[in-house]
Amino acid sequence: MSSDKAIRGQLLYFVDDPATAGEAAWVYHADGIIWIESGRIRLADDAQQVLPHLPRGTEIDVLEHHLLVPGFIDTHIHYPQTEMVAAYGERLLEWLETYTFPVESKFSDPDYAAEIATIFLDELLRNGTTTALVFGTVHPESVDAFFSEAQRRKLRMIAGKVMMDRNAPEYICDEAEQSYRDSKALIQRWHGIDRLQYAVTPRFAPTSSDRQLALAGRLLREHPGLYLHTHLAENPEECAWVAELFPHSKHYLDVYDRAGLLTRRSVFAHGIHLCDDSCKRLSDTGAAIAHCPTSNLFLGSGLFELDRLTERGVNIGMGTDVGGGTSFSMLQTLADAYKIQQLRGRKLDPFRALYLATLGGARALDLEDKIGSFRSGCEADLVALDLHATPFLKFRTARCRSLFEMLFVLNTLGDDRAIARTWILGEVAHSREV
Ligand code: GUN
Ligand code: ZN
């Protein structure tokens with residue numbers, strides 16, 4: 001039996017960054033077809049171009065009032081914080097002590113971890129997110145539970161065990177050598193298995209000793225292709241604390257740099273308070289920043305300088321940062337990203353926004369050859385955005401006179417209700433009941 005299938009509707013994807021390539025950055029077809037063969041994109045083009053080539057009998061799924069886009073890529077999220085989204089009243093450091101560490105301590109229980117992993121992945125797919133870079137907890141069990149569930153669903157996911165050996169309650173800390181051994185065992189068990197990849201995950205500089213950071217660097221050197229995932233310069237009190245804890249480092253990023261943690265596959269969440277030298281090191285090494293707007297607003301962390309980091313050539317992806325972030329929805333995340341730029345007197349246009357959530361995320365994760373676009377050969381993880389998802393969205397999109405306007409309305413008003421369907425490797429993994 002042929003494994004070919006086709007989806008017909010409006011389609012849009014990016015082949016480059018609109019910030020540098022302008023209109024040449026995207027491909028749009030008002031009546032397009034995505035032809036999928038064995039879970040990969042065979043061809044995505046205007047319907048009239050694709051139809052003659054489709055094998056006879058190929059089923060065509062026709063979507064009348066939808067926009068097909070690549071699955072969203074969330075470059076920073078914490079699955080163990082699923083149950084603590086919307087925790088009241090604190091900024092970063094108190095928020096960690098008051099809410100985060102107690103919740104994360106529950107993940108020593110594999111059954112609890114499995115339950116949350118299931119809820120978390122359901123929620124990602126309901127929101128059209130098909131790949132994410134995910135924090136576990138300090139417990140190796142948290143990573144086993146997460147990867148087991150992701151593997152069962154054939155998802156492309158990156159995750160890792162948190163490393164933290166100081167400045168946190170003892171019940172949630174590990175120890176440097178043990179964290180190295182536990183991480184190594186997880187790497188051997190999961191990295192490169194199916195669509196799963198491992199990220200070495202020191203929580204952030206204040207909760208790791210120099211020894212632990214050095215061992216994180218050793219893991220990266222011993223296993224090429226691994227990711228490095230941590231937090232950077234999110235909040236002014238945190239930055240002042242890092243300067244105190246690491247008096248010999250030039251700046252916050254330098255703490256990681258000295259430990260050998262800056263690579264093409266390093267992703268630093270936030271990066272709000274960065275000096276020019278930090279931007280240059282990020283750009284020179286190809287490391288990426290995960291911009292997490294709902295979290296930055298919710299925790300009062302600061303306003304991300306999107307234009308400055310873009311001009312300095314830093315790779316940038318979007319992150320929800322659940323549970324500091326308040327939504328699993330990449331659309332809602334883009335809506336807040338726009339508002340942050342408004343507060344800075346800058347603009348984020350909807351093409352760039354959608355780029356950041358798709359191909360930009362793939363580039364940040366060094367996965368451009370696999371996900372983030374509809375180029376031939378890419379994995380067929382995609383989403384149908386329903387322009388009629390709610391009566392008001394239908395009313396409002398009917399009045400749009402350009403693709404620009406329609407995308408901006410979707411970015412601003414859309415949420416999980418706008419995700420009509422999510423496909424993983426060409427198979428429907430979420431379908432919204434209406
Ligand atoms: N910095 C260190 N840990 C965390 C965390 O769990 N969430 C956020 N937003 N920042 C952090
Ligand atoms: Zn985070």
# chains A, B, ... in the order shown; residues from 1 in each chain; ligands from 1

call {"tool": "closest_atom_pairs", "arguments": {"of": "segment 109-165 of chain A", "to": "segment 310-321 of chain A", "cutoff": "12 Å", "atoms": "only C-alpha atoms", "output": "JSON lines"}}
result
{"residue": "A:Leu124", "atom": "CA", "partner": "A:Thr320", "partner_atom": "CA", "distance": 10.6}
{"residue": "A:Asn127", "atom": "CA", "partner": "A:Thr320", "partner_atom": "CA", "distance": 11.3}
{"residue": "A:Thr129", "atom": "CA", "partner": "A:Thr320", "partner_atom": "CA", "distance": 10.5}
{"residue": "A:Thr131", "atom": "CA", "partner": "A:Gly319", "partner_atom": "CA", "distance": 11.1}
{"residue": "A:Ala132", "atom": "CA", "partner": "A:Gly319", "partner_atom": "CA", "distance": 8.6}
{"residue": "A:Leu133", "atom": "CA", "partner": "A:Gly319", "partner_atom": "CA", "distance": 8.7}
{"residue": "A:Val134", "atom": "CA", "partner": "A:Asp321", "partner_atom": "CA", "distance": 9.2}
{"residue": "A:Phe135", "atom": "CA", "partner": "A:Asp321", "partner_atom": "CA", "distance": 9.5}

call {"tool": "residues_near_ligand", "arguments": {"ligand": "ligand 2", "cutoff": "10 Å", "atoms": "only C-alpha atoms and all ligand atoms", "output": "number ranges by chain"}}
result
A: 76-78, 81, 92, 134-135, 203-204, 229-232, 234, 268-270, 290, 292, 295, 319-325

call {"tool": "residues_around", "arguments": {"residues": "segment 11-25 of chain A", "least_positions_apart": "5", "cutoff": "8 Å", "atoms": "only C-alpha atoms", "output": "list of chain:residue names"}}
result
A:Ala30, A:Asp31, A:Gly32, A:Ile33, A:Leu67, A:Leu68, A:Val69, A:Pro70, A:Thr310, A:Phe351, A:Arg352, A:Tyr355, A:Thr358, A:Leu359, A:Gly360, A:Gly372, A:Ser373, A:Phe374, A:Arg375

call {"tool": "select_by_dssp", "arguments": {"residues": "segment 199-366 of chain A", "states": "strand (DSSP E)", "output": "PDB file with N, CA and C atoms, in the first residue's frame"}}
result
ATOM      1  N   ALA A 199      20.071  16.957  26.004  1.00  0.00           N
ATOM      2  CA  ALA A 199      20.649  18.265  26.333  1.00  0.00           C
ATOM      3  C   ALA A 199      21.250  18.220  27.734  1.00  0.00           C
ATOM      4  N   VAL A 200      22.526  18.519  27.823  1.00  0.00           N
ATOM      5  CA  VAL A 200      23.175  18.695  29.132  1.00  0.00           C
ATOM      6  C   VAL A 200      22.570  19.963  29.733  1.00  0.00           C
ATOM      7  N   THR A 201      22.051  19.858  30.983  1.00  0.00           N
ATOM      8  CA  THR A 201      21.136  20.887  31.488  1.00  0.00           C
ATOM      9  C   THR A 201      21.488  21.401  32.891  1.00  0.00           C
ATOM     10  N   PRO A 202      22.594  22.131  33.030  1.00  0.00           N
ATOM     11  CA  PRO A 202      22.797  22.817  34.318  1.00  0.00           C
ATOM     12  C   PRO A 202      21.694  23.880  34.468  1.00  0.00           C
ATOM     13  N   TYR A 227      23.237  18.725  23.070  1.00  0.00           N
ATOM     14  CA  TYR A 227      22.857  20.124  23.311  1.00  0.00           C
ATOM     15  C   TYR A 227      23.305  20.559  24.696  1.00  0.00           C
ATOM     16  N   LEU A 228      23.376  21.878  24.857  1.00  0.00           N
ATOM     17  CA  LEU A 228      23.569  22.478  26.178  1.00  0.00           C
ATOM     18  C   LEU A 228      22.377  23.393  26.378  1.00  0.00           C
ATOM     19  N   HIS A 229      21.707  23.248  27.503  1.00  0.00           N
ATOM     20  CA  HIS A 229      20.463  24.009  27.739  1.00  0.00           C
ATOM     21  C   HIS A 229      20.516  24.581  29.149  1.00  0.00           C
ATOM     22  N   THR A 230      20.423  25.907  29.250  1.00  0.00           N
ATOM     23  CA  THR A 230      20.433  26.537  30.566  1.00  0.00           C
ATOM     24  C   THR A 230      19.771  27.902  30.496  1.00  0.00           C
ATOM     25  N   HIS A 231      19.829  28.643  31.595  1.00  0.00           N
ATOM     26  CA  HIS A 231      19.278  29.999  31.656  1.00  0.00           C
ATOM     27  C   HIS A 231      20.418  31.015  31.676  1.00  0.00           C
ATOM     28  N   LEU A 232      20.136  32.217  31.173  1.00  0.00           N
ATOM     29  CA  LEU A 232      21.162  33.256  31.109  1.00  0.00           C
ATOM     30  C   LEU A 232      20.532  34.643  31.256  1.00  0.00           C
ATOM     31  N   SER A 266      24.249  25.100  21.792  1.00  0.00           N
ATOM     32  CA  SER A 266      23.941  25.625  23.124  1.00  0.00           C
ATOM     33  C   SER A 266      22.755  26.574  23.020  1.00  0.00           C
ATOM     34  N   VAL A 267      21.801  26.405  23.917  1.00  0.00           N
ATOM     35  CA  VAL A 267      20.619  27.278  23.921  1.00  0.00           C
ATOM     36  C   VAL A 267      20.464  27.873  25.315  1.00  0.00           C
ATOM     37  N   PHE A 268      20.470  29.202  25.346  1.00  0.00           N
ATOM     38  CA  PHE A 268      20.382  29.931  26.612  1.00  0.00           C
ATOM     39  C   PHE A 268      19.027  30.625  26.678  1.00  0.00           C
ATOM     40  N   ALA A 269      18.260  30.310  27.710  1.00  0.00           N
ATOM     41  CA  ALA A 269      16.941  30.926  27.836  1.00  0.00           C
ATOM     42  C   ALA A 269      17.082  32.350  28.359  1.00  0.00           C
ATOM     43  N   HIS A 270      16.333  33.229  27.745  1.00  0.00           N
ATOM     44  CA  HIS A 270      16.139  34.641  28.143  1.00  0.00           C
ATOM     45  C   HIS A 270      17.161  35.603  27.551  1.00  0.00           C
ATOM     46  N   ALA A 288      22.474  29.922  20.715  1.00  0.00           N
ATOM     47  CA  ALA A 288      21.185  30.598  20.501  1.00  0.00           C
ATOM     48  C   ALA A 288      20.588  31.104  21.812  1.00  0.00           C
ATOM     49  N   ILE A 289      19.756  32.107  21.666  1.00  0.00           N
ATOM     50  CA  ILE A 289      18.932  32.588  22.775  1.00  0.00           C
ATOM     51  C   ILE A 289      17.495  32.142  22.540  1.00  0.00           C
ATOM     52  N   ALA A 290      16.853  31.613  23.580  1.00  0.00           N
ATOM     53  CA  ALA A 290      15.419  31.318  23.534  1.00  0.00           C
ATOM     54  C   ALA A 290      14.684  32.505  24.166  1.00  0.00           C
ATOM     55  N   HIS A 291      13.955  33.207  23.349  1.00  0.00           N
ATOM     56  CA  HIS A 291      13.201  34.376  23.835  1.00  0.00           C
ATOM     57  C   HIS A 291      11.854  33.894  24.374  1.00  0.00           C
ATOM     58  N   ASN A 315      21.607  33.819  16.936  1.00  0.00           N
ATOM     59  CA  ASN A 315      20.483  32.923  16.631  1.00  0.00           C
ATOM     60  C   ASN A 315      19.422  33.081  17.710  1.00  0.00           C
ATOM     61  N   ILE A 316      18.156  33.185  17.301  1.00  0.00           N
ATOM     62  CA  ILE A 316      17.079  33.373  18.280  1.00  0.00           C
ATOM     63  C   ILE A 316      15.923  32.430  17.945  1.00  0.00           C
ATOM     64  N   GLY A 317      15.408  31.762  18.983  1.00  0.00           N
ATOM     65  CA  GLY A 317      14.181  30.979  18.846  1.00  0.00           C
ATOM     66  C   GLY A 317      13.176  31.465  19.873  1.00  0.00           C
ATOM     67  N   MET A 318      11.952  30.970  19.772  1.00  0.00           N
ATOM     68  CA  MET A 318      10.915  31.349  20.746  1.00  0.00           C
ATOM     69  C   MET A 318      10.758  30.233  21.783  1.00  0.00           C
TER      70      MET A 318
END

call {"tool": "residues_around", "arguments": {"residues": "segment 393-406 of chain A", "least_positions_apart": "6", "cutoff": "8 Å", "atoms": "only C-alpha atoms", "output": "list in words"}}
result
Pro350, Phe351, Leu387, Leu413 and Gly414 of chain A

call {"tool": "write_last_selection", "arguments": {"atoms": "N, CA and C atoms", "output": "PDB file, in the first residue's frame"}}
result
ATOM      1  N   PRO A 350       4.544  40.198  11.676  1.00  0.00           N
ATOM      2  CA  PRO A 350       4.047  38.825  11.826  1.00  0.00           C
ATOM      3  C   PRO A 350       4.803  37.791  11.004  1.00  0.00           C
ATOM      4  N   PHE A 351       5.458  38.205   9.917  1.00  0.00           N
ATOM      5  CA  PHE A 351       6.265  37.238   9.170  1.00  0.00           C
ATOM      6  C   PHE A 351       7.473  36.828  10.014  1.00  0.00           C
ATOM      7  N   LEU A 387      -8.841  29.515  10.435  1.00  0.00           N
ATOM      8  CA  LEU A 387      -9.201  30.948  10.422  1.00  0.00           C
ATOM      9  C   LEU A 387     -10.616  31.171  10.941  1.00  0.00           C
ATOM     10  N   LEU A 413      -4.718  37.086  18.098  1.00  0.00           N
ATOM     11  CA  LEU A 413      -5.966  36.554  18.659  1.00  0.00           C
ATOM     12  C   LEU A 413      -5.951  35.043  18.832  1.00  0.00           C
ATOM     13  N   GLY A 414      -5.023  34.381  18.143  1.00  0.00           N
ATOM     14  CA  GLY A 414      -5.054  32.914  18.121  1.00  0.00           C
ATOM     15  C   GLY A 414      -4.554  32.293  19.417  1.00  0.00           C
TER      16      GLY A 414
END

call {"tool": "atom_distance", "arguments": {"atom1": "atom CA of Trp95 of chain A", "atom2": "atom CA of Ala214 of chain A"}}
result
27.4 Å

call {"tool": "closest_residue", "arguments": {"among": "A:Arg281, A:Gly225, A:Asp46, A:Met163", "to": "His251 of chain A", "atoms": "only C-alpha atoms"}}
result
A:Arg281

call {"tool": "decode", "arguments": {"residues": "segment 107-177 of chain A", "atoms": "C-alpha atoms", "output": "PDB file, in the first residue's frame"}}
result
ATOM      1  CA  PHE A 107       9.593  13.927  40.108  1.00  0.00           C
ATOM      2  CA  SER A 108      11.541  11.390  42.090  1.00  0.00           C
ATOM      3  CA  ASP A 109       8.349   9.354  41.619  1.00  0.00           C
ATOM      4  CA  PRO A 110       8.372   7.760  38.130  1.00  0.00           C
ATOM      5  CA  ASP A 111       4.573   7.336  38.100  1.00  0.00           C
ATOM      6  CA  TYR A 112       4.023  10.986  38.802  1.00  0.00           C
ATOM      7  CA  ALA A 113       6.618  11.907  36.154  1.00  0.00           C
ATOM      8  CA  ALA A 114       4.861   9.684  33.599  1.00  0.00           C
ATOM      9  CA  GLU A 115       1.485  11.244  34.374  1.00  0.00           C
ATOM     10  CA  ILE A 116       2.787  14.801  33.908  1.00  0.00           C
ATOM     11  CA  ALA A 117       4.758  13.866  30.764  1.00  0.00           C
ATOM     12  CA  THR A 118       1.518  12.617  29.189  1.00  0.00           C
ATOM     13  CA  ILE A 119      -0.438  15.744  30.077  1.00  0.00           C
ATOM     14  CA  PHE A 120       2.435  17.953  28.935  1.00  0.00           C
ATOM     15  CA  LEU A 121       2.812  16.303  25.522  1.00  0.00           C
ATOM     16  CA  ASP A 122      -0.961  16.340  24.970  1.00  0.00           C
ATOM     17  CA  GLU A 123      -0.850  20.054  25.653  1.00  0.00           C
ATOM     18  CA  LEU A 124       2.053  20.688  23.267  1.00  0.00           C
ATOM     19  CA  LEU A 125       0.262  18.910  20.428  1.00  0.00           C
ATOM     20  CA  ARG A 126      -3.019  20.707  21.172  1.00  0.00           C
ATOM     21  CA  ASN A 127      -1.082  23.925  20.728  1.00  0.00           C
ATOM     22  CA  GLY A 128       0.646  22.889  17.519  1.00  0.00           C
ATOM     23  CA  THR A 129       4.099  22.491  19.028  1.00  0.00           C
ATOM     24  CA  THR A 130       5.838  19.497  17.512  1.00  0.00           C
ATOM     25  CA  THR A 131       9.413  19.902  18.783  1.00  0.00           C
ATOM     26  CA  ALA A 132      10.638  21.327  22.084  1.00  0.00           C
ATOM     27  CA  LEU A 133      13.822  21.718  24.081  1.00  0.00           C
ATOM     28  CA  VAL A 134      12.722  20.573  27.509  1.00  0.00           C
ATOM     29  CA  PHE A 135      14.008  20.822  31.076  1.00  0.00           C
ATOM     30  CA  GLY A 136      13.504  17.763  33.259  1.00  0.00           C
ATOM     31  CA  THR A 137      14.256  17.872  36.987  1.00  0.00           C
ATOM     32  CA  VAL A 138      17.325  16.797  38.900  1.00  0.00           C
ATOM     33  CA  HIS A 139      15.924  13.232  38.946  1.00  0.00           C
ATOM     34  CA  PRO A 140      16.981  10.914  36.083  1.00  0.00           C
ATOM     35  CA  GLU A 141      13.486   9.357  36.384  1.00  0.00           C
ATOM     36  CA  SER A 142      12.016  12.599  35.053  1.00  0.00           C
ATOM     37  CA  VAL A 143      13.970  12.235  31.817  1.00  0.00           C
ATOM     38  CA  ASP A 144      13.156   8.543  31.400  1.00  0.00           C
ATOM     39  CA  ALA A 145       9.454   9.311  31.804  1.00  0.00           C
ATOM     40  CA  PHE A 146       9.573  12.181  29.341  1.00  0.00           C
ATOM     41  CA  PHE A 147      11.547  10.398  26.629  1.00  0.00           C
ATOM     42  CA  SER A 148       9.458   7.208  26.963  1.00  0.00           C
ATOM     43  CA  GLU A 149       6.267   9.138  26.276  1.00  0.00           C
ATOM     44  CA  ALA A 150       7.829  11.224  23.473  1.00  0.00           C
ATOM     45  CA  GLN A 151       9.181   8.072  21.840  1.00  0.00           C
ATOM     46  CA  ARG A 152       5.781   6.386  21.998  1.00  0.00           C
ATOM     47  CA  ARG A 153       4.359   9.355  20.069  1.00  0.00           C
ATOM     48  CA  LYS A 154       7.263   9.439  17.546  1.00  0.00           C
ATOM     49  CA  LEU A 155       8.058  13.037  18.471  1.00  0.00           C
ATOM     50  CA  ARG A 156      11.255  14.956  17.806  1.00  0.00           C
ATOM     51  CA  MET A 157      12.189  16.138  21.292  1.00  0.00           C
ATOM     52  CA  ILE A 158      15.310  17.267  23.139  1.00  0.00           C
ATOM     53  CA  ALA A 159      15.536  17.026  26.924  1.00  0.00           C
ATOM     54  CA  GLY A 160      17.892  16.551  29.824  1.00  0.00           C
ATOM     55  CA  LYS A 161      18.294  16.038  33.535  1.00  0.00           C
ATOM     56  CA  VAL A 162      18.842  19.208  35.551  1.00  0.00           C
ATOM     57  CA  MET A 163      22.269  19.528  37.127  1.00  0.00           C
ATOM     58  CA  MET A 164      22.256  21.595  40.362  1.00  0.00           C
ATOM     59  CA  ASP A 165      24.574  21.020  43.295  1.00  0.00           C
ATOM     60  CA  ARG A 166      24.328  24.199  45.393  1.00  0.00           C
ATOM     61  CA  ASN A 167      22.262  27.217  46.439  1.00  0.00           C
ATOM     62  CA  ALA A 168      19.015  25.287  46.525  1.00  0.00           C
ATOM     63  CA  PRO A 169      17.318  23.125  49.170  1.00  0.00           C
ATOM     64  CA  GLU A 170      19.157  19.865  49.689  1.00  0.00           C
ATOM     65  CA  TYR A 171      16.129  17.787  48.711  1.00  0.00           C
ATOM     66  CA  ILE A 172      16.385  19.065  45.134  1.00  0.00           C
ATOM     67  CA  CYS A 173      20.175  19.072  44.714  1.00  0.00           C
ATOM     68  CA  ASP A 174      22.498  16.486  43.214  1.00  0.00           C
ATOM     69  CA  GLU A 175      26.264  16.270  43.552  1.00  0.00           C
ATOM     70  CA  ALA A 176      28.767  17.120  40.816  1.00  0.00           C
ATOM     71  CA  GLU A 177      30.243  13.668  40.085  1.00  0.00           C
TER      72      GLU A 177
END
